[in-house]
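Asker: Contents of input35.cif (mmCIF, C-alpha atoms) are given next:
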data_my_file
loop_
_atom_site.label_atom_id
_atom_site.label_comp_id
_atom_site.auth_asym_id
_atom_site.auth_seq_id
_atom_site.Cartn_x
_atom_site.Cartn_y
_atom_site.Cartn_z
CA MET Y 204 11.16 -100.80 -76.83
CA SER Y 205 7.54 -100.33 -77.87
CA PRO Y 206 5.18 -100.65 -74.92
CA ALA Y 207 2.87 -103.68 -75.02
CA VAL Y 208 -0.51 -104.02 -73.38
CA VAL Y 209 -0.19 -106.39 -70.43
CA PRO Y 210 -2.43 -106.57 -67.36
CA PRO Y 211 -1.53 -104.34 -64.41
CA VAL Y 212 0.56 -105.85 -61.67
CA GLY Y 213 -2.07 -104.83 -59.12
CA ALA Y 214 -4.82 -106.72 -60.93
CA ARG Y 215 -2.64 -109.83 -61.01
CA ILE Y 216 -1.91 -109.56 -57.28
CA ARG Y 217 -5.60 -109.16 -56.50
CA GLN Y 218 -6.47 -112.16 -58.66
CA ALA Y 219 -3.85 -114.33 -56.93
CA ARG Y 220 -5.00 -113.15 -53.50
CA LEU Y 221 -8.64 -113.97 -54.24
CA GLU Y 222 -7.71 -117.37 -55.68
CA ARG Y 223 -5.86 -118.10 -52.45
CA GLY Y 224 -8.89 -117.02 -50.42
CA THR Y 225 -6.89 -114.39 -48.54
CA SER Y 226 -8.45 -111.12 -47.48
CA LEU Y 227 -6.72 -107.84 -48.19
CA ARG Y 228 -6.17 -107.22 -44.48
CA ALA Y 229 -4.83 -110.74 -43.93
CA LEU Y 230 -2.28 -110.32 -46.73
CA ALA Y 231 -1.25 -106.94 -45.34
CA ARG Y 232 -0.72 -108.45 -41.87
CA GLU Y 233 1.27 -111.36 -43.31
CA ILE Y 234 3.76 -109.11 -45.11
CA GLY Y 235 3.86 -106.38 -42.46
CA VAL Y 236 2.37 -103.44 -44.37
CA SER Y 237 -0.88 -101.51 -44.14
CA ALA Y 238 -4.06 -102.73 -45.81
CA SER Y 239 -4.23 -99.31 -47.44
CA LEU Y 240 -0.89 -99.88 -49.19
CA VAL Y 241 -1.98 -103.29 -50.49
CA SER Y 242 -5.20 -101.74 -51.75
CA GLN Y 243 -3.31 -98.95 -53.51
CA ILE Y 244 -0.97 -101.49 -55.16
CA GLU Y 245 -3.92 -103.61 -56.31
CA THR Y 246 -5.68 -100.61 -57.82
CA GLY Y 247 -2.52 -99.31 -59.49
CA LYS Y 248 -2.34 -96.15 -57.38
CA SER Y 249 1.01 -97.13 -55.84
CA GLN Y 250 4.09 -98.97 -57.09
CA PRO Y 251 5.55 -101.67 -54.83
CA SER Y 252 9.15 -101.59 -53.70
CA VAL Y 253 11.41 -104.55 -54.49
CA SER Y 254 10.97 -105.91 -50.97
CA THR Y 255 7.19 -105.49 -50.98
CA LEU Y 256 6.90 -107.15 -54.38
CA TYR Y 257 8.90 -110.15 -53.19
CA ALA Y 258 6.96 -110.27 -49.90
CA ILE Y 259 3.62 -110.32 -51.71
CA THR Y 260 4.62 -113.03 -54.18
CA THR Y 261 6.14 -115.14 -51.41
CA ALA Y 262 3.01 -114.82 -49.27
CA LEU Y 263 0.77 -115.74 -52.20
CA GLY Y 264 3.05 -118.57 -53.36
CA ILE Y 265 3.52 -117.17 -56.85
CA SER Y 266 6.51 -115.99 -58.89
CA VAL Y 267 7.32 -112.36 -59.60
CA GLU Y 268 7.26 -113.18 -63.30
CA SER Y 269 3.73 -114.59 -63.07
CA LEU Y 270 2.48 -111.08 -62.30
CA PHE Y 271 3.19 -110.21 -65.92
CA ASP Y 272 1.59 -113.21 -67.60
CA ALA Y 273 -0.70 -111.51 -70.12
CA ARG Y 274 -2.79 -114.65 -70.58
CA ALA Y 275 -4.19 -114.86 -67.06
CA SER Y 276 -6.44 -111.80 -66.70
CA SER Y 277 -7.68 -108.64 -68.33
CA PRO Y 278 -6.40 -105.11 -67.75
CA LEU Y 279 -8.19 -102.95 -65.22
CA ALA Y 280 -10.68 -100.59 -66.77
CA GLY Y 281 -9.19 -97.17 -67.33
CA ALA Y 282 -5.61 -98.24 -66.74
CA SER Y 283 -2.96 -96.48 -68.79
CA THR Y 284 -1.07 -98.55 -71.34
CA ALA Y 285 2.25 -96.77 -71.12
CA GLY Y 286 4.65 -95.27 -68.63
CA SER Y 287 3.53 -97.25 -65.57
CA LEU Y 288 5.03 -100.17 -63.70
CA PRO Y 289 3.36 -103.04 -65.57
CA TYR Y 290 3.33 -101.55 -69.05
CA ALA Y 291 7.05 -100.88 -69.06
CA LEU Y 292 7.35 -104.68 -69.16
CA ALA Y 293 6.41 -106.00 -72.59
CA ALA Y 294 7.09 -109.61 -71.69
CA PHE Y 295 8.30 -110.32 -68.17
CA ALA Y 296 6.84 -113.83 -68.29
CA ALA Y 297 4.15 -112.81 -70.75
CA ASP Y 298 4.81 -116.19 -72.33
CA PRO Y 299 6.91 -118.65 -70.27
CA GLY Y 300 7.90 -120.46 -73.45
CA ARG Y 301 9.14 -117.37 -75.24
CA ARG Y 302 12.86 -116.94 -75.70
CA ILE Y 303 14.32 -113.46 -75.23
CA GLY Y 304 17.54 -113.36 -77.21
CA PRO Y 305 19.95 -114.82 -78.13
CA LEU Y 306 20.83 -111.16 -78.74
CA VAL Y 307 19.08 -108.35 -76.88
CA GLY Y 308 20.09 -104.90 -78.09
CA ALA Y 309 20.76 -102.11 -75.63
CA GLY Y 310 17.61 -100.31 -76.76
CA GLU Y 311 15.42 -103.41 -76.69
CA ARG Y 312 15.47 -104.31 -73.00
CA GLU Y 313 12.24 -104.84 -71.13
CA THR Y 314 12.23 -102.45 -68.19
CA LEU Y 315 10.54 -102.55 -64.81
CA GLU Y 316 10.67 -99.44 -62.64
CA LEU Y 317 10.02 -100.14 -58.98
CA ASP Y 318 9.39 -97.81 -56.09
CA SER Y 319 12.32 -96.44 -54.05
CA GLY Y 320 14.56 -95.74 -57.03
CA VAL Y 321 15.28 -99.19 -58.47
CA VAL Y 322 15.13 -100.17 -62.16
CA TRP Y 323 15.30 -103.72 -63.53
CA GLU Y 324 16.16 -104.29 -67.19
CA ARG Y 325 15.74 -107.82 -68.48
CA LEU Y 326 18.77 -109.01 -70.42
CA GLY Y 327 17.42 -112.29 -71.73
CA ARG Y 328 15.45 -115.43 -71.09
CA VAL Y 329 15.85 -119.09 -72.03
CA PRO Y 330 12.60 -121.08 -71.68
CA GLY Y 331 12.78 -123.62 -68.86
CA ALA Y 332 15.68 -121.86 -67.11
CA ASP Y 333 14.64 -120.72 -63.64
CA VAL Y 334 16.71 -117.54 -63.58
CA ASP Y 335 16.19 -113.78 -63.82
CA PHE Y 336 19.02 -112.18 -65.86
CA LEU Y 337 18.91 -108.48 -65.07
CA LEU Y 338 20.72 -105.17 -65.40
CA VAL Y 339 19.86 -103.42 -62.13
CA THR Y 340 20.17 -99.69 -61.49
CA TYR Y 341 19.92 -98.09 -58.05
CA ARG Y 342 19.43 -94.36 -58.46
CA PRO Y 343 21.04 -92.04 -55.89
CA GLY Y 344 19.18 -92.62 -52.63
CA GLY Y 345 17.61 -95.78 -54.04
CA SER Y 346 17.10 -98.88 -51.92
CA SER Y 347 15.70 -102.37 -52.45
CA ALA Y 348 13.46 -101.83 -49.40
CA GLY Y 349 11.71 -98.51 -49.32
CA SER Y 350 10.81 -98.83 -45.64
CA GLY Y 351 14.45 -99.23 -44.64
CA GLY Y 352 13.88 -102.79 -43.47
CA LEU Y 353 15.50 -105.96 -44.80
CA MET Y 354 13.97 -108.22 -47.43
CA ARG Y 355 14.10 -111.96 -47.99
CA HIS Y 356 12.75 -114.21 -50.73
CA ALA Y 357 13.26 -117.60 -52.30
CA GLY Y 358 16.27 -118.28 -54.50
CA THR Y 359 19.95 -117.46 -54.79
CA GLU Y 360 21.37 -114.26 -56.20
CA TYR Y 361 24.62 -113.43 -57.89
CA GLY Y 362 25.60 -109.88 -58.79
CA CYS Y 363 28.52 -107.90 -60.15
CA LEU Y 364 28.60 -104.12 -59.82
CA THR Y 365 29.88 -102.30 -62.90
CA SER Y 366 29.61 -98.67 -61.77
CA GLY Y 367 28.72 -96.61 -58.73
CA GLU Y 368 28.68 -97.97 -55.20
CA LEU Y 369 26.19 -99.98 -53.14
CA ILE Y 370 25.87 -100.77 -49.47
CA LEU Y 371 24.77 -104.38 -48.98
CA THR Y 372 23.28 -105.30 -45.62
CA LEU Y 373 23.29 -109.09 -45.32
CA GLY Y 374 22.02 -110.46 -42.04
CA PHE Y 375 24.05 -108.70 -39.34
CA ASP Y 376 26.87 -107.72 -41.71
CA GLU Y 377 27.31 -104.70 -43.97
CA TYR Y 378 29.47 -104.55 -47.08
CA THR Y 379 30.50 -101.76 -49.44
CA VAL Y 380 30.22 -103.01 -53.01
CA ARG Y 381 32.37 -101.14 -55.55
CA PRO Y 382 32.82 -101.49 -59.32
CA GLY Y 383 34.20 -104.93 -60.13
CA ASP Y 384 33.04 -106.41 -56.81
CA ALA Y 385 30.72 -109.43 -56.91
CA VAL Y 386 28.22 -110.81 -54.41
CA CYS Y 387 26.46 -114.15 -54.04
CA PHE Y 388 24.19 -115.43 -51.28
CA GLU Y 389 20.97 -117.27 -50.52
CA SER Y 390 18.14 -114.78 -50.90
CA THR Y 391 16.39 -116.21 -47.84
CA THR Y 392 19.02 -114.35 -45.79
CA PRO Y 393 17.58 -110.94 -44.80
CA HIS Y 394 19.25 -108.34 -47.00
CA ARG Y 395 19.03 -104.86 -48.46
CA TYR Y 396 20.90 -102.87 -51.10
CA ARG Y 397 21.06 -99.09 -50.92
CA ASN Y 398 22.83 -96.37 -52.87
CA ASP Y 399 24.13 -93.64 -50.56
CA GLY Y 400 26.15 -92.02 -53.36
CA GLU Y 401 25.43 -89.23 -55.81
CA VAL Y 402 25.62 -91.32 -58.99
CA PRO Y 403 23.60 -94.36 -60.09
CA ALA Y 404 24.90 -97.78 -59.07
CA VAL Y 405 24.60 -100.26 -61.93
CA GLY Y 406 25.29 -103.98 -62.07
CA VAL Y 407 24.36 -107.31 -63.62
CA TRP Y 408 22.35 -109.70 -61.45
CA PHE Y 409 21.26 -113.32 -61.72
CA VAL Y 410 18.51 -114.49 -59.37
CA THR Y 411 17.84 -118.22 -59.55
CA GLY Y 412 15.31 -120.56 -58.02
CA GLY Y 413 12.65 -117.99 -57.16
CA VAL Y 414 9.12 -118.68 -55.96
CA GLN Y 415 7.29 -120.92 -58.40
#
Please render this file's structure as C-alpha cells.
Answerer:
Amino acid sequence: MSPAVVPPVGARIRQARLERGTSLRALAREIGVSASLVSQIETGKSQPSVSTLYAITTALGISVESLFDARASSPLAGASTAGSLPYALAAFAADPGRRIGPLVGAGERETLELDSGVVWERLGRVPGADVDFLLVTYRPGGSSAGSGGLMRHAGTEYGCLTSGELILTLGFDEYTVRPGDAVCFESTTPHRYRNDGEVPAVGVWFVTGGVQ
C-alpha cells in the first residue's frame, strides 16, 4: 500500500503520558522498563515490542489503535514518512468511523512491524466493532515479548496458525501450536508467543475488547 503520513507512535505515547500527568520515569517504573527505553520510544529512536506496546497503552489507559489516530497530534519534526513503525500503518485507527473492506486485497493490507520480529497486517475493520482482525507473522526467533518475559493486556484473543510453528506460554503452561491449531484465552492471563523454528510462523488473530 502507499504510505500515508500519520503521527509517530512515540509522539502519541508522549502526548498521552503528559495528558495523564505521568512522568517518564514513573511510566517506566509502572511497566517495568528503563526510562531510557521509554524516552527512545517517544522520540522514535526505538520500536516497542508487542508486550511493551500493550504495557504502555494499559498503563496510560488508552487503546493501541489510538496511537495511530492522525487527528490527535502533529508529526515530530524531522520524522521520516516511510519505512518506520508508525508510517507503515496508513490507518490503524486513523479514523474510528472508517470501514476497511469489505474486501482487502493481499497487497493492500496496513502493516505494523514491531520489535522482536513480529509483523501485524490488518485484514479489515467494521466501525463500532471492538476487534482487531490481524494476519500475524513471527519471524524465526521472533517473540511477542522481546525481553523474554510474559505479557498481559485487556481483551480476549483467538488465533489460528496457518503455517510454521509457535510456542505459546500461557500462565504456567506451555503449548506447541502447529498449522491448523487454534488458541483462545483471556489476554489478562500472562502469555508469550515465540518462534523457535527456522521458518516464519503465520496465523490469523482476532483480539477483542482491548483497552478503550
Asker: Atom CA of Y:Gly406 to atom CA of Y:Ile259: how many Å, to one decimal?
Answerer: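 Result for atom CA of Y:Gly406 versus atom CA of Y:Ile259: 24.8 Å, one decimal.
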Asker: Of the residues Y:Gly327, Y:Pro343, Y:Gly310, Y:Gly352, which is the one nearest to Y:Arg395, using only C-alpha atoms?
Answerer: Y:Gly352
Asker: Can you list what the PyMOL selection byres ((chain Y and resi 356) around 12) grabs from this structure, as a ChimeraX atom specification?
Answerer: /Y:234,253-262,264-267,353-355,357-360,388-395,410-415
Asker: Quick one: residues within 7 Å of Y:Val380, all atoms listed in the file counted, chain neighbours fewer than 5 positions away excluded, as a list in words?
Answerer: Glu368, Leu369, Ile370 and Leu371 of chain Y
Asker: Got a sec: who's within 7 Å of Y:Gly383, counting only C-alpha atoms, leaving out chain neighbours fewer than 2 positions off, as a list in words?
Answerer: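 Once the adjacent positions are removed, what remains is Cys363, Leu364, Thr365, Arg381 and Ala385 of chain Y.
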Asker: Evaluating the PyMOL selection byres ((chain Y and resi 303) around 9) on the displayed file yields which residues, as a PyMOL selection string?
Answerer: chain Y and resi 294+301-302+304-307+325-330
Asker: Using atom CA of Y:Ala231 and atom CA of Y:Pro251 as the two end points, give the distance in Å to one decimal.
Answerer: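 Atom CA of Y:Ala231 sits 12.8 Å away from atom CA of Y:Pro251.
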Asker: What's the separation between atom CA of Y:Val212 and atom CA of Y:Glu311, in Å to one decimal place?
Answerer: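 Rounded to one decimal, the two atoms are 21.3 Å apart.
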Asker: Using only C-alpha atoms, can you tell me which of Y:Tyr396, Y:Ala214, Y:Val236, Y:Ser366 comes closest to Y:Pro382?
Answerer: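 Among Y:Tyr396, Y:Ala214, Y:Val236, Y:Ser366, it is Y:Ser366 that comes nearest to Y:Pro382.
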Asker: Fix up stretch 398-415 of chain Y with N, CA, C and O atoms, then write it as a compact mmCIF listing (two decimals), in the frame of the given file.
Answerer:
# COMPACT_ATOMS: atom_id res chain seq x y z
N ASN Y 398 21.85 -97.23 -52.22
CA ASN Y 398 22.83 -96.37 -52.87
C ASN Y 398 22.89 -95.06 -52.11
O ASN Y 398 22.00 -94.21 -52.24
N ASP Y 399 23.94 -94.88 -51.32
CA ASP Y 399 24.13 -93.64 -50.56
C ASP Y 399 24.89 -92.58 -51.35
O ASP Y 399 25.13 -91.49 -50.85
N GLY Y 400 25.32 -92.93 -52.57
CA GLY Y 400 26.15 -92.02 -53.36
C GLY Y 400 25.34 -91.02 -54.17
O GLY Y 400 24.10 -90.95 -54.07
N GLU Y 401 26.04 -90.28 -55.00
CA GLU Y 401 25.43 -89.23 -55.81
C GLU Y 401 25.31 -89.62 -57.27
O GLU Y 401 24.85 -88.81 -58.09
N VAL Y 402 25.74 -90.84 -57.62
CA VAL Y 402 25.62 -91.32 -58.99
C VAL Y 402 24.92 -92.67 -58.97
O VAL Y 402 24.95 -93.39 -57.96
N PRO Y 403 24.27 -93.07 -60.06
CA PRO Y 403 23.60 -94.36 -60.09
C PRO Y 403 24.59 -95.51 -59.87
O PRO Y 403 25.75 -95.44 -60.29
N ALA Y 404 24.13 -96.54 -59.22
CA ALA Y 404 24.90 -97.78 -59.07
C ALA Y 404 24.29 -98.81 -60.01
O ALA Y 404 23.07 -99.07 -59.94
N VAL Y 405 25.10 -99.37 -60.88
CA VAL Y 405 24.60 -100.26 -61.93
C VAL Y 405 25.35 -101.59 -61.89
O VAL Y 405 26.58 -101.61 -61.71
N GLY Y 406 24.64 -102.68 -62.06
CA GLY Y 406 25.29 -103.98 -62.07
C GLY Y 406 24.44 -105.03 -62.76
O GLY Y 406 23.27 -104.79 -63.08
N VAL Y 407 25.04 -106.18 -63.01
CA VAL Y 407 24.36 -107.31 -63.62
C VAL Y 407 24.04 -108.33 -62.54
O VAL Y 407 24.92 -108.69 -61.76
N TRP Y 408 22.79 -108.78 -62.49
CA TRP Y 408 22.35 -109.70 -61.45
C TRP Y 408 21.69 -110.93 -62.06
O TRP Y 408 21.00 -110.85 -63.08
N PHE Y 409 21.97 -112.08 -61.43
CA PHE Y 409 21.26 -113.32 -61.72
C PHE Y 409 20.56 -113.75 -60.43
O PHE Y 409 21.19 -113.83 -59.38
N VAL Y 410 19.26 -113.98 -60.52
CA VAL Y 410 18.51 -114.49 -59.37
C VAL Y 410 17.89 -115.81 -59.82
O VAL Y 410 17.10 -115.86 -60.76
N THR Y 411 18.27 -116.88 -59.15
CA THR Y 411 17.84 -118.22 -59.55
C THR Y 411 16.94 -118.83 -58.50
O THR Y 411 16.97 -118.48 -57.32
N GLY Y 412 16.11 -119.77 -58.95
CA GLY Y 412 15.31 -120.56 -58.02
C GLY Y 412 14.30 -119.76 -57.22
O GLY Y 412 14.12 -119.98 -56.03
N GLY Y 413 13.63 -118.81 -57.87
CA GLY Y 413 12.65 -117.99 -57.16
C GLY Y 413 11.39 -118.76 -56.86
O GLY Y 413 11.24 -119.95 -57.13
N VAL Y 414 10.40 -118.06 -56.29
CA VAL Y 414 9.12 -118.68 -55.96
C VAL Y 414 8.45 -119.15 -57.23
O VAL Y 414 8.36 -118.44 -58.21
N GLN Y 415 7.97 -120.37 -57.22
CA GLN Y 415 7.29 -120.92 -58.40
C GLN Y 415 5.79 -120.96 -58.19
O GLN Y 415 5.31 -121.09 -57.11
